[in-house]
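K.L.:
Pasting data.pdb below, which is PDB, C-alpha atoms, pLDDT in the B column.
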```pdb
ATOM      1  CA  MET A   2       0.000   0.000   0.000  1.00 44.00           C
ATOM      2  CA  THR A   3       2.095   2.826  -1.312  1.00 44.00           C
ATOM      3  CA  VAL A   4       1.037   6.323  -2.214  1.00 43.00           C
ATOM      4  CA  GLU A   5       3.726   7.993  -4.300  1.00 47.00           C
ATOM      5  CA  ARG A   6       2.515  11.178  -5.972  1.00 50.00           C
ATOM      6  CA  GLU A   7       2.861  14.333  -3.861  1.00 51.00           C
ATOM      7  CA  HIS A   8      -0.821  15.300  -4.191  1.00 57.00           C
ATOM      8  CA  ASP A   9      -1.739  11.849  -2.890  1.00 78.00           C
ATOM      9  CA  THR A  10      -0.036  12.439   0.454  1.00 91.00           C
ATOM     10  CA  ASP A  11      -3.137  14.062   1.917  1.00 95.00           C
ATOM     11  CA  LEU A  12      -3.942  12.082   5.081  1.00 97.00           C
ATOM     12  CA  VAL A  13      -7.481  11.271   3.973  1.00 97.00           C
ATOM     13  CA  ARG A  14      -6.255   9.945   0.601  1.00 96.00           C
ATOM     14  CA  VAL A  15      -3.459   7.912   2.225  1.00 97.00           C
ATOM     15  CA  ILE A  16      -5.764   6.281   4.757  1.00 97.00           C
ATOM     16  CA  THR A  17      -8.567   5.567   2.287  1.00 97.00           C
ATOM     17  CA  ALA A  18      -6.096   4.111  -0.236  1.00 96.00           C
ATOM     18  CA  ASP A  19      -4.940   1.715   2.484  1.00 96.00           C
ATOM     19  CA  HIS A  20      -8.561   0.838   3.235  1.00 97.00           C
ATOM     20  CA  ARG A  21      -9.286   0.055  -0.438  1.00 97.00           C
ATOM     21  CA  GLU A  22      -6.210  -2.203  -0.638  1.00 95.00           C
ATOM     22  CA  VAL A  23      -7.217  -4.113   2.501  1.00 96.00           C
ATOM     23  CA  GLU A  24     -10.735  -4.563   1.120  1.00 97.00           C
ATOM     24  CA  ARG A  25      -9.269  -5.906  -2.142  1.00 95.00           C
ATOM     25  CA  LEU A  26      -7.235  -8.458  -0.164  1.00 94.00           C
ATOM     26  CA  PHE A  27     -10.304  -9.397   1.888  1.00 96.00           C
ATOM     27  CA  ARG A  28     -12.297 -10.062  -1.281  1.00 96.00           C
ATOM     28  CA  GLU A  29      -9.520 -12.286  -2.582  1.00 94.00           C
ATOM     29  CA  LEU A  30      -9.519 -14.232   0.682  1.00 93.00           C
ATOM     30  CA  GLU A  31     -13.320 -14.501   0.614  1.00 93.00           C
ATOM     31  CA  SER A  32     -13.225 -15.968  -2.888  1.00 91.00           C
ATOM     32  CA  GLY A  33     -11.867 -19.162  -1.307  1.00 84.00           C
ATOM     33  CA  GLN A  34      -9.640 -19.725  -4.300  1.00 85.00           C
ATOM     34  CA  GLY A  35      -6.058 -20.851  -4.098  1.00 87.00           C
ATOM     35  CA  THR A  36      -4.132 -23.426  -2.176  1.00 91.00           C
ATOM     36  CA  PRO A  37      -3.991 -23.381   1.614  1.00 92.00           C
ATOM     37  CA  GLU A  38      -0.434 -22.050   1.287  1.00 91.00           C
ATOM     38  CA  HIS A  39      -1.648 -19.174  -0.889  1.00 92.00           C
ATOM     39  CA  ARG A  40      -4.402 -18.352   1.620  1.00 92.00           C
ATOM     40  CA  ARG A  41      -1.821 -18.394   4.442  1.00 91.00           C
ATOM     41  CA  ALA A  42       0.482 -16.077   2.471  1.00 90.00           C
ATOM     42  CA  LEU A  43      -2.447 -13.783   1.661  1.00 92.00           C
ATOM     43  CA  ALA A  44      -3.558 -13.706   5.319  1.00 93.00           C
ATOM     44  CA  ASP A  45       0.021 -12.892   6.352  1.00 91.00           C
ATOM     45  CA  HIS A  46       0.086 -10.074   3.796  1.00 91.00           C
ATOM     46  CA  VAL A  47      -3.202  -8.671   5.143  1.00 94.00           C
ATOM     47  CA  ILE A  48      -1.868  -8.866   8.706  1.00 92.00           C
ATOM     48  CA  THR A  49       1.332  -7.068   7.707  1.00 90.00           C
ATOM     49  CA  GLU A  50      -0.580  -4.275   5.990  1.00 93.00           C
ATOM     50  CA  LEU A  51      -3.080  -3.905   8.833  1.00 93.00           C
ATOM     51  CA  VAL A  52      -0.355  -3.749  11.482  1.00 90.00           C
ATOM     52  CA  ARG A  53       1.668  -1.158   9.557  1.00 90.00           C
ATOM     53  CA  HIS A  54      -1.445   0.919   8.895  1.00 94.00           C
ATOM     54  CA  SER A  55      -2.612   0.751  12.524  1.00 92.00           C
ATOM     55  CA  VAL A  56       0.790   1.687  13.911  1.00 90.00           C
ATOM     56  CA  ALA A  57       0.988   4.730  11.638  1.00 93.00           C
ATOM     57  CA  GLU A  58      -2.520   5.836  12.617  1.00 95.00           C
ATOM     58  CA  GLU A  59      -1.671   5.478  16.310  1.00 92.00           C
ATOM     59  CA  GLN A  60       1.522   7.482  15.892  1.00 90.00           C
ATOM     60  CA  PHE A  61       0.100  10.407  13.918  1.00 95.00           C
ATOM     61  CA  MET A  62      -3.602  10.387  13.034  1.00 97.00           C
ATOM     62  CA  TYR A  63      -5.016   9.734  16.492  1.00 96.00           C
ATOM     63  CA  PRO A  64      -2.788  12.302  18.217  1.00 96.00           C
ATOM     64  CA  ALA A  65      -3.999  14.818  15.600  1.00 97.00           C
ATOM     65  CA  ALA A  66      -7.597  13.850  16.398  1.00 97.00           C
ATOM     66  CA  ARG A  67      -6.938  14.362  20.115  1.00 96.00           C
ATOM     67  CA  LYS A  68      -5.572  17.812  19.335  1.00 97.00           C
ATOM     68  CA  VAL A  69      -8.141  19.190  16.882  1.00 97.00           C
ATOM     69  CA  LEU A  70     -11.450  17.446  17.594  1.00 97.00           C
ATOM     70  CA  PRO A  71     -13.680  18.563  20.480  1.00 96.00           C
ATOM     71  CA  ASN A  72     -14.189  14.898  21.430  1.00 96.00           C
ATOM     72  CA  GLY A  73     -10.753  13.865  20.175  1.00 96.00           C
ATOM     73  CA  ASP A  74      -9.746  11.850  23.222  1.00 95.00           C
ATOM     74  CA  GLU A  75     -12.947   9.826  23.089  1.00 96.00           C
ATOM     75  CA  VAL A  76     -12.634   9.217  19.332  1.00 95.00           C
ATOM     76  CA  ALA A  77      -8.944   8.250  19.511  1.00 94.00           C
ATOM     77  CA  ASP A  78      -9.503   5.955  22.507  1.00 93.00           C
ATOM     78  CA  HIS A  79     -12.339   4.190  20.660  1.00 94.00           C
ATOM     79  CA  GLU A  80     -10.215   3.691  17.535  1.00 93.00           C
ATOM     80  CA  ILE A  81      -7.260   2.396  19.564  1.00 92.00           C
ATOM     81  CA  GLU A  82      -9.598  -0.007  21.361  1.00 92.00           C
ATOM     82  CA  GLU A  83     -10.739  -1.363  17.999  1.00 93.00           C
ATOM     83  CA  HIS A  84      -7.103  -1.759  16.921  1.00 90.00           C
ATOM     84  CA  ALA A  85      -6.350  -3.719  20.082  1.00 90.00           C
ATOM     85  CA  GLU A  86      -9.208  -6.144  19.431  1.00 92.00           C
ATOM     86  CA  ALA A  87      -8.181  -6.640  15.801  1.00 93.00           C
ATOM     87  CA  GLU A  88      -4.578  -7.168  16.877  1.00 90.00           C
ATOM     88  CA  ARG A  89      -5.660  -9.880  19.318  1.00 92.00           C
ATOM     89  CA  VAL A  90      -7.465 -11.677  16.471  1.00 94.00           C
ATOM     90  CA  MET A  91      -4.461 -11.229  14.144  1.00 92.00           C
ATOM     91  CA  LYS A  92      -2.158 -12.718  16.777  1.00 90.00           C
ATOM     92  CA  GLU A  93      -4.410 -15.795  17.076  1.00 92.00           C
ATOM     93  CA  LEU A  94      -4.683 -16.083  13.313  1.00 93.00           C
ATOM     94  CA  GLU A  95      -0.942 -15.734  12.812  1.00 87.00           C
ATOM     95  CA  GLY A  96      -0.146 -19.160  14.278  1.00 82.00           C
ATOM     96  CA  LEU A  97      -2.933 -21.180  12.659  1.00 92.00           C
ATOM     97  CA  ASP A  98      -2.592 -23.582   9.774  1.00 93.00           C
ATOM     98  CA  PRO A  99      -4.903 -22.478   6.937  1.00 93.00           C
ATOM     99  CA  THR A 100      -6.638 -25.885   6.981  1.00 93.00           C
ATOM    100  CA  ASP A 101      -7.622 -25.450  10.640  1.00 94.00           C
ATOM    101  CA  PRO A 102     -11.360 -24.594  10.874  1.00 93.00           C
ATOM    102  CA  ARG A 103     -10.492 -21.730  13.260  1.00 95.00           C
ATOM    103  CA  PHE A 104      -8.463 -20.086  10.465  1.00 95.00           C
ATOM    104  CA  ASP A 105     -11.565 -19.153   8.438  1.00 93.00           C
ATOM    105  CA  GLU A 106     -13.525 -18.360  11.599  1.00 96.00           C
ATOM    106  CA  LEU A 107     -10.880 -15.895  12.829  1.00 96.00           C
ATOM    107  CA  LEU A 108     -10.383 -14.487   9.358  1.00 95.00           C
ATOM    108  CA  GLY A 109     -14.118 -13.771   9.170  1.00 96.00           C
ATOM    109  CA  GLU A 110     -14.021 -12.120  12.598  1.00 97.00           C
ATOM    110  CA  LEU A 111     -11.047  -9.970  11.562  1.00 97.00           C
ATOM    111  CA  MET A 112     -12.761  -8.899   8.341  1.00 97.00           C
ATOM    112  CA  ARG A 113     -15.955  -7.898  10.183  1.00 97.00           C
ATOM    113  CA  GLU A 114     -13.980  -5.887  12.751  1.00 96.00           C
ATOM    114  CA  ILE A 115     -11.819  -4.143  10.171  1.00 97.00           C
ATOM    115  CA  ARG A 116     -14.748  -3.335   7.897  1.00 97.00           C
ATOM    116  CA  HIS A 117     -16.574  -1.778  10.856  1.00 96.00           C
ATOM    117  CA  HIS A 118     -13.427   0.171  11.766  1.00 96.00           C
ATOM    118  CA  ILE A 119     -13.001   1.420   8.180  1.00 97.00           C
ATOM    119  CA  GLU A 120     -16.629   2.523   8.067  1.00 96.00           C
ATOM    120  CA  ASP A 121     -16.220   4.444  11.353  1.00 94.00           C
ATOM    121  CA  GLU A 122     -13.093   6.202  10.140  1.00 96.00           C
ATOM    122  CA  GLU A 123     -14.399   7.067   6.694  1.00 97.00           C
ATOM    123  CA  GLU A 124     -17.836   8.250   7.827  1.00 96.00           C
ATOM    124  CA  ASP A 125     -16.794  10.072  10.999  1.00 95.00           C
ATOM    125  CA  LEU A 126     -13.129  10.568  11.845  1.00 97.00           C
ATOM    126  CA  LEU A 127     -11.654  11.394   8.446  1.00 97.00           C
ATOM    127  CA  PRO A 128     -14.353  13.946   7.508  1.00 98.00           C
ATOM    128  CA  GLN A 129     -13.905  15.625  10.893  1.00 97.00           C
ATOM    129  CA  LEU A 130     -10.129  15.805  10.458  1.00 97.00           C
ATOM    130  CA  ALA A 131     -10.544  17.121   6.908  1.00 97.00           C
ATOM    131  CA  ALA A 132     -12.849  19.862   8.208  1.00 97.00           C
ATOM    132  CA  ARG A 133     -10.590  20.911  11.085  1.00 97.00           C
ATOM    133  CA  CYS A 134      -7.068  20.562   9.662  1.00 97.00           C
ATOM    134  CA  SER A 135      -5.496  22.784   7.037  1.00 96.00           C
ATOM    135  CA  ALA A 136      -4.522  21.318   3.670  1.00 96.00           C
ATOM    136  CA  ASP A 137      -0.862  21.685   4.682  1.00 96.00           C
ATOM    137  CA  ASP A 138      -1.493  19.843   7.940  1.00 97.00           C
ATOM    138  CA  LEU A 139      -3.252  17.015   6.096  1.00 97.00           C
ATOM    139  CA  GLN A 140      -0.327  16.766   3.643  1.00 97.00           C
ATOM    140  CA  GLU A 141       2.177  16.663   6.504  1.00 97.00           C
ATOM    141  CA  LEU A 142       0.166  14.048   8.403  1.00 97.00           C
ATOM    142  CA  GLY A 143      -0.110  11.945   5.255  1.00 97.00           C
ATOM    143  CA  ARG A 144       3.657  12.105   4.684  1.00 97.00           C
ATOM    144  CA  LYS A 145       4.257  11.095   8.306  1.00 96.00           C
ATOM    145  CA  VAL A 146       1.878   8.136   7.997  1.00 96.00           C
ATOM    146  CA  ILE A 147       3.615   6.976   4.796  1.00 96.00           C
ATOM    147  CA  ALA A 148       7.039   7.255   6.456  1.00 93.00           C
ATOM    148  CA  ALA A 149       5.859   5.500   9.632  1.00 90.00           C
ATOM    149  CA  LYS A 150       4.541   2.544   7.656  1.00 92.00           C
ATOM    150  CA  LYS A 151       7.993   1.997   6.135  1.00 90.00           C
ATOM    151  CA  VAL A 152       9.558   1.286   9.548  1.00 84.00           C
ATOM    152  CA  ALA A 153       6.504  -0.048  11.397  1.00 78.00           C
ATOM    153  CA  PRO A 154       6.232  -3.556  12.778  1.00 73.00           C
ATOM    154  CA  THR A 155       4.854  -6.157  10.368  1.00 70.00           C
ATOM    155  CA  ARG A 156       3.436  -8.549  12.954  1.00 68.00           C
ATOM    156  CA  PRO A 157       0.865  -8.074  15.691  1.00 61.00           C
ATOM    157  CA  HIS A 158       2.212  -7.130  19.127  1.00 57.00           C
ATOM    158  CA  PRO A 159      -0.892  -6.854  21.319  1.00 56.00           C
ATOM    159  CA  VAL A 160       0.972  -5.660  24.413  1.00 50.00           C
ATOM    160  CA  ALA A 161       3.084  -3.015  22.644  1.00 56.00           C
ATOM    161  CA  PRO A 162       2.441   0.645  23.518  1.00 48.00           C
ATOM    162  CA  ASP A 163      -0.141   2.313  21.284  1.00 53.00           C
ATOM    163  CA  ARG A 164       0.354   5.976  22.257  1.00 56.00           C
ATOM    164  CA  PRO A 165       3.136   8.530  21.931  1.00 54.00           C
ATOM    165  CA  PRO A 166       5.826   8.845  23.037  1.00 49.00           C
ATOM    166  CA  ALA A 167       6.391   5.149  23.797  1.00 45.00           C
ATOM    167  CA  ASN A 168       5.091   3.897  20.433  1.00 45.00           C
ATOM    168  CA  LEU A 169       7.228   6.434  18.561  1.00 45.00           C
ATOM    169  CA  LEU A 170      10.324   5.154  20.350  1.00 44.00           C
ATOM    170  CA  LEU A 171       9.674   1.403  20.290  1.00 47.00           C
ATOM    171  CA  ASN A 172       7.874   0.734  16.991  1.00 48.00           C
ATOM    172  CA  PRO A 173      10.856   1.307  14.652  1.00 49.00           C
ATOM    173  CA  GLY A 174      12.981  -1.198  16.615  1.00 47.00           C
ATOM    174  CA  THR A 175      10.154  -3.711  16.714  1.00 53.00           C
ATOM    175  CA  GLY A 176       9.642  -3.146  12.995  1.00 46.00           C
ATOM    176  CA  LEU A 177      13.294  -3.898  12.290  1.00 43.00           C
ATOM    177  CA  ILE A 178      13.096  -7.153  14.243  1.00 49.00           C
ATOM    178  CA  ASP A 179       9.869  -8.114  12.447  1.00 48.00           C
ATOM    179  CA  ARG A 180      11.407  -7.452   9.034  1.00 47.00           C
ATOM    180  CA  LEU A 181      14.418  -9.607   9.955  1.00 51.00           C
ATOM    181  CA  ARG A 182      12.056 -12.399  11.045  1.00 52.00           C
ATOM    182  CA  ASP A 183      10.093 -11.960   7.808  1.00 57.00           C
ATOM    183  CA  ALA A 184      13.270 -12.236   5.713  1.00 55.00           C
ATOM    184  CA  LEU A 185      14.493 -15.332   7.569  1.00 58.00           C
ATOM    185  CA  SER A 186      11.108 -17.066   7.355  1.00 58.00           C
ATOM    186  CA  GLY A 187      10.347 -16.001   3.780  1.00 64.00           C
ATOM    187  CA  ARG A 188       7.161 -14.271   4.925  1.00 59.00           C
ATOM    188  CA  ASP A 189       5.806 -11.699   2.479  1.00 56.00           C
ATOM    189  CA  ARG A 190       6.274  -8.081   3.565  1.00 43.00           C
TER     190      ARG A 190
END
```
As structure tokens, what does this structure read like?
P.N.:
Amino acid sequence: MTVEREHDTDLVRVITADHREVERLFRELESGQGTPEHRRALADHVITELVRHSVAEEQFMYPAARKVLPNGDEVADHEIEEHAEAERVMKELEGLDPTDPRFDELLGELMREIRHHIEDEEEDLLPQLAARCSADDLQELGRKVIAAKKVAPTRPHPVAPDRPPANLLLNPGTGLIDRLRDALSGRDR
């Protein structure tokens, strides 16, 4: 999920582009096509993208919401809570064989949670941020999210800090370790 053109670095465009890519991957998983190994690789890819996206939101988008929205703390806390639940499901899913009946059950649960989360963000949070942040601020936030995703963890870490400053300090190191694990295991980044 990469946004490259300068005009596409607006936070709303960056986040919604990520959402569209995740939905595309979900549809491919829902098709039921492919070998169990392909489904495992696809699930791992979805997990990687969701973790990177969530980490970047927690580092930059939710702090911005806390700052500019009248109910920013409440909104950010709700979104972080949803991330935590999805991360718990991803962690369970991560260790399952794709032929295990729980694999499809957990995958379905993850898809429902993420689709709900996307709907919340796109119908409520993102329009509010777009209305209260300047175009320059949205561009800067989008660039920060893109940069954060490049060094973010690629695997779920349910007990990792999800708020600044701790997440800003620890996530790049955790991301490096995850990428080393990914390279050694052959897991798709």
K.L.:
What does the distance from atom CA of Pro154 of chain A to atom CA of Val52 of chain A come to in Å, to one decimal?
P.N.:
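Going from atom CA of Pro154 of chain A over to atom CA of Val52 of chain A covers 6.7 Å.
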K.L.:
Convert the output of the PyMOL selection byres ((chain A and resi 42-46) around 10) on the shown file into explicit residues, formatted as a ChimeraX atom specification.
P.N.:
/A:23,26-27,29-30,35-41,47-52,91,94-95,99,104,108,155-156,187-190
K.L.:
Please report the interatomic distance between atom CA of His118 of chain A and atom CA of Lys92 of chain A in Å with one decimal.
P.N.:
17.8 Å
K.L.:
Using Å and a single decimal, report how far atom CA of Arg113 of chain A sits from atom CA of Arg133 of chain A.
P.N.:
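Atom-to-atom, atom CA of Arg133 of chain A to atom CA of Arg113 of chain A, that is 29.3 Å.
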K.L.:
Can you pull out every residue within 9 Å of Leu107 of chain A, counting all atoms listed in the file, but drop anything in the same chain fewer than 2 positions away, and send it as an MDAnalysis selection string?
P.N.:
chainID A and resid 90:91 93:94 102:105 109:112
K.L.:
Expand the PyMOL selection byres ((chain A and resi 76) around 10) into the individual residues it matches in the shown file, reporting them as a VMD selection string.
P.N.:
chain A and resid 63 66 to 67 70 to 75 77 to 82 121 to 122 125 to 126
K.L.:
Taking 5 positions as the minimum chain separation for residues in the same chain, which residues sit within 12 Å of Ser135 of chain A when counting all atoms listed in the file? Answer as a list in words.
P.N.:
Asp11, Leu12, Ala65, Val69, Gln129, Leu130, Gln140, Glu141 and Leu142 of chain A
K.L.:
Find the residue from A:Gln60, A:Thr17, A:Thr100, A:Ser55 that sits nearest to Ala85 of chain A; use only C-alpha atoms when measuring.
P.N.:
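Closest to Ala85 of chain A of all the choices is A:Ser55.
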K.L.:
So for segment 44-54 of chain A, what box centre and size do we get, axis-aligned, 8 Å extra on each of the six sides, every listed atom, Å to one decimal, as JSON?
P.N.:
```
{"center_x": -0.9, "center_y": -6.4, "center_z": 7.6, "size_x": 21.2, "size_y": 30.6, "size_z": 23.7}
```
K.L.:
Show me, as a list in words, the residues that have an atom within 12 Å of Ala18 of chain A when counting all atoms listed in the file, minus same-chain residues fewer than 2 positions from it.
P.N.:
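Final neighbour list, sorted by chain and number: Met2, Thr3, Val4, Glu5, Asp9, Thr10, Asp11, Leu12, Val13, Arg14, Val15, Ile16, His20, Arg21, Glu22, Val23, Glu24, Arg25, Glu50, His54, Ile119, Glu123, Gly143 and Ile147 of chain A.
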K.L.:
Grab segment 125-155 of chain A from that structure and dump N, CA and C atoms to a file, as a compact mmCIF listing (two decimals), in the first residue's frame.
P.N.:
```txt
# COMPACT_ATOMS: atom_id res chain seq x y z
N ASP A 125 -16.82 9.16 9.86
CA ASP A 125 -16.79 10.07 11.00
C ASP A 125 -15.43 10.75 11.17
N LEU A 126 -14.42 9.98 11.49
CA LEU A 126 -13.13 10.57 11.84
C LEU A 126 -12.48 11.34 10.70
N LEU A 127 -12.35 10.72 9.55
CA LEU A 127 -11.65 11.39 8.45
C LEU A 127 -12.36 12.67 7.99
N PRO A 128 -13.70 12.68 7.86
CA PRO A 128 -14.35 13.95 7.51
C PRO A 128 -14.14 15.03 8.57
N GLN A 129 -14.14 14.64 9.84
CA GLN A 129 -13.90 15.63 10.89
C GLN A 129 -12.49 16.19 10.81
N LEU A 130 -11.51 15.33 10.59
CA LEU A 130 -10.13 15.80 10.46
C LEU A 130 -9.99 16.70 9.23
N ALA A 131 -10.62 16.31 8.13
CA ALA A 131 -10.54 17.12 6.91
C ALA A 131 -11.14 18.50 7.13
N ALA A 132 -12.19 18.58 7.95
CA ALA A 132 -12.85 19.86 8.21
C ALA A 132 -12.06 20.74 9.17
N ARG A 133 -11.25 20.14 10.03
CA ARG A 133 -10.59 20.91 11.08
C ARG A 133 -9.08 21.10 10.89
N CYS A 134 -8.51 20.42 9.93
CA CYS A 134 -7.07 20.56 9.66
C CYS A 134 -6.87 21.33 8.36
N SER A 135 -5.81 22.08 8.28
CA SER A 135 -5.50 22.78 7.04
C SER A 135 -5.00 21.78 6.00
N ALA A 136 -5.03 22.18 4.75
CA ALA A 136 -4.52 21.32 3.67
C ALA A 136 -3.06 20.97 3.91
N ASP A 137 -2.28 21.95 4.39
CA ASP A 137 -0.86 21.68 4.68
C ASP A 137 -0.71 20.67 5.81
N ASP A 138 -1.55 20.80 6.83
CA ASP A 138 -1.49 19.84 7.94
C ASP A 138 -1.85 18.43 7.46
N LEU A 139 -2.85 18.33 6.61
CA LEU A 139 -3.25 17.02 6.10
C LEU A 139 -2.14 16.41 5.23
N GLN A 140 -1.46 17.25 4.44
CA GLN A 140 -0.33 16.77 3.64
C GLN A 140 0.80 16.26 4.56
N GLU A 141 1.11 17.04 5.58
CA GLU A 141 2.18 16.66 6.50
C GLU A 141 1.83 15.37 7.25
N LEU A 142 0.60 15.28 7.72
CA LEU A 142 0.17 14.05 8.40
C LEU A 142 0.24 12.85 7.47
N GLY A 143 -0.18 13.03 6.23
CA GLY A 143 -0.11 11.95 5.26
C GLY A 143 1.32 11.50 5.01
N ARG A 144 2.23 12.46 4.87
CA ARG A 144 3.66 12.10 4.68
C ARG A 144 4.20 11.36 5.89
N LYS A 145 3.80 11.78 7.09
CA LYS A 145 4.26 11.09 8.31
C LYS A 145 3.72 9.67 8.38
N VAL A 146 2.47 9.48 7.99
CA VAL A 146 1.88 8.14 8.00
C VAL A 146 2.62 7.24 7.00
N ILE A 147 2.88 7.76 5.81
CA ILE A 147 3.61 6.98 4.80
C ILE A 147 4.99 6.59 5.33
N ALA A 148 5.70 7.53 5.92
CA ALA A 148 7.04 7.25 6.46
C ALA A 148 6.98 6.26 7.61
N ALA A 149 5.99 6.40 8.48
CA ALA A 149 5.86 5.50 9.63
C ALA A 149 5.62 4.07 9.19
N LYS A 150 4.83 3.90 8.13
CA LYS A 150 4.54 2.54 7.66
C LYS A 150 5.80 1.83 7.15
N LYS A 151 6.77 2.60 6.66
CA LYS A 151 7.99 2.00 6.13
C LYS A 151 8.84 1.34 7.22
N VAL A 152 8.74 1.84 8.46
CA VAL A 152 9.56 1.29 9.55
C VAL A 152 8.72 0.60 10.63
N ALA A 153 7.42 0.52 10.40
CA ALA A 153 6.50 -0.05 11.40
C ALA A 153 6.69 -1.56 11.52
N PRO A 154 6.27 -2.09 12.65
CA PRO A 154 6.23 -3.56 12.78
C PRO A 154 5.36 -4.17 11.69
N THR A 155 5.62 -5.45 11.39
CA THR A 155 4.85 -6.16 10.37
C THR A 155 4.04 -7.30 10.95
```
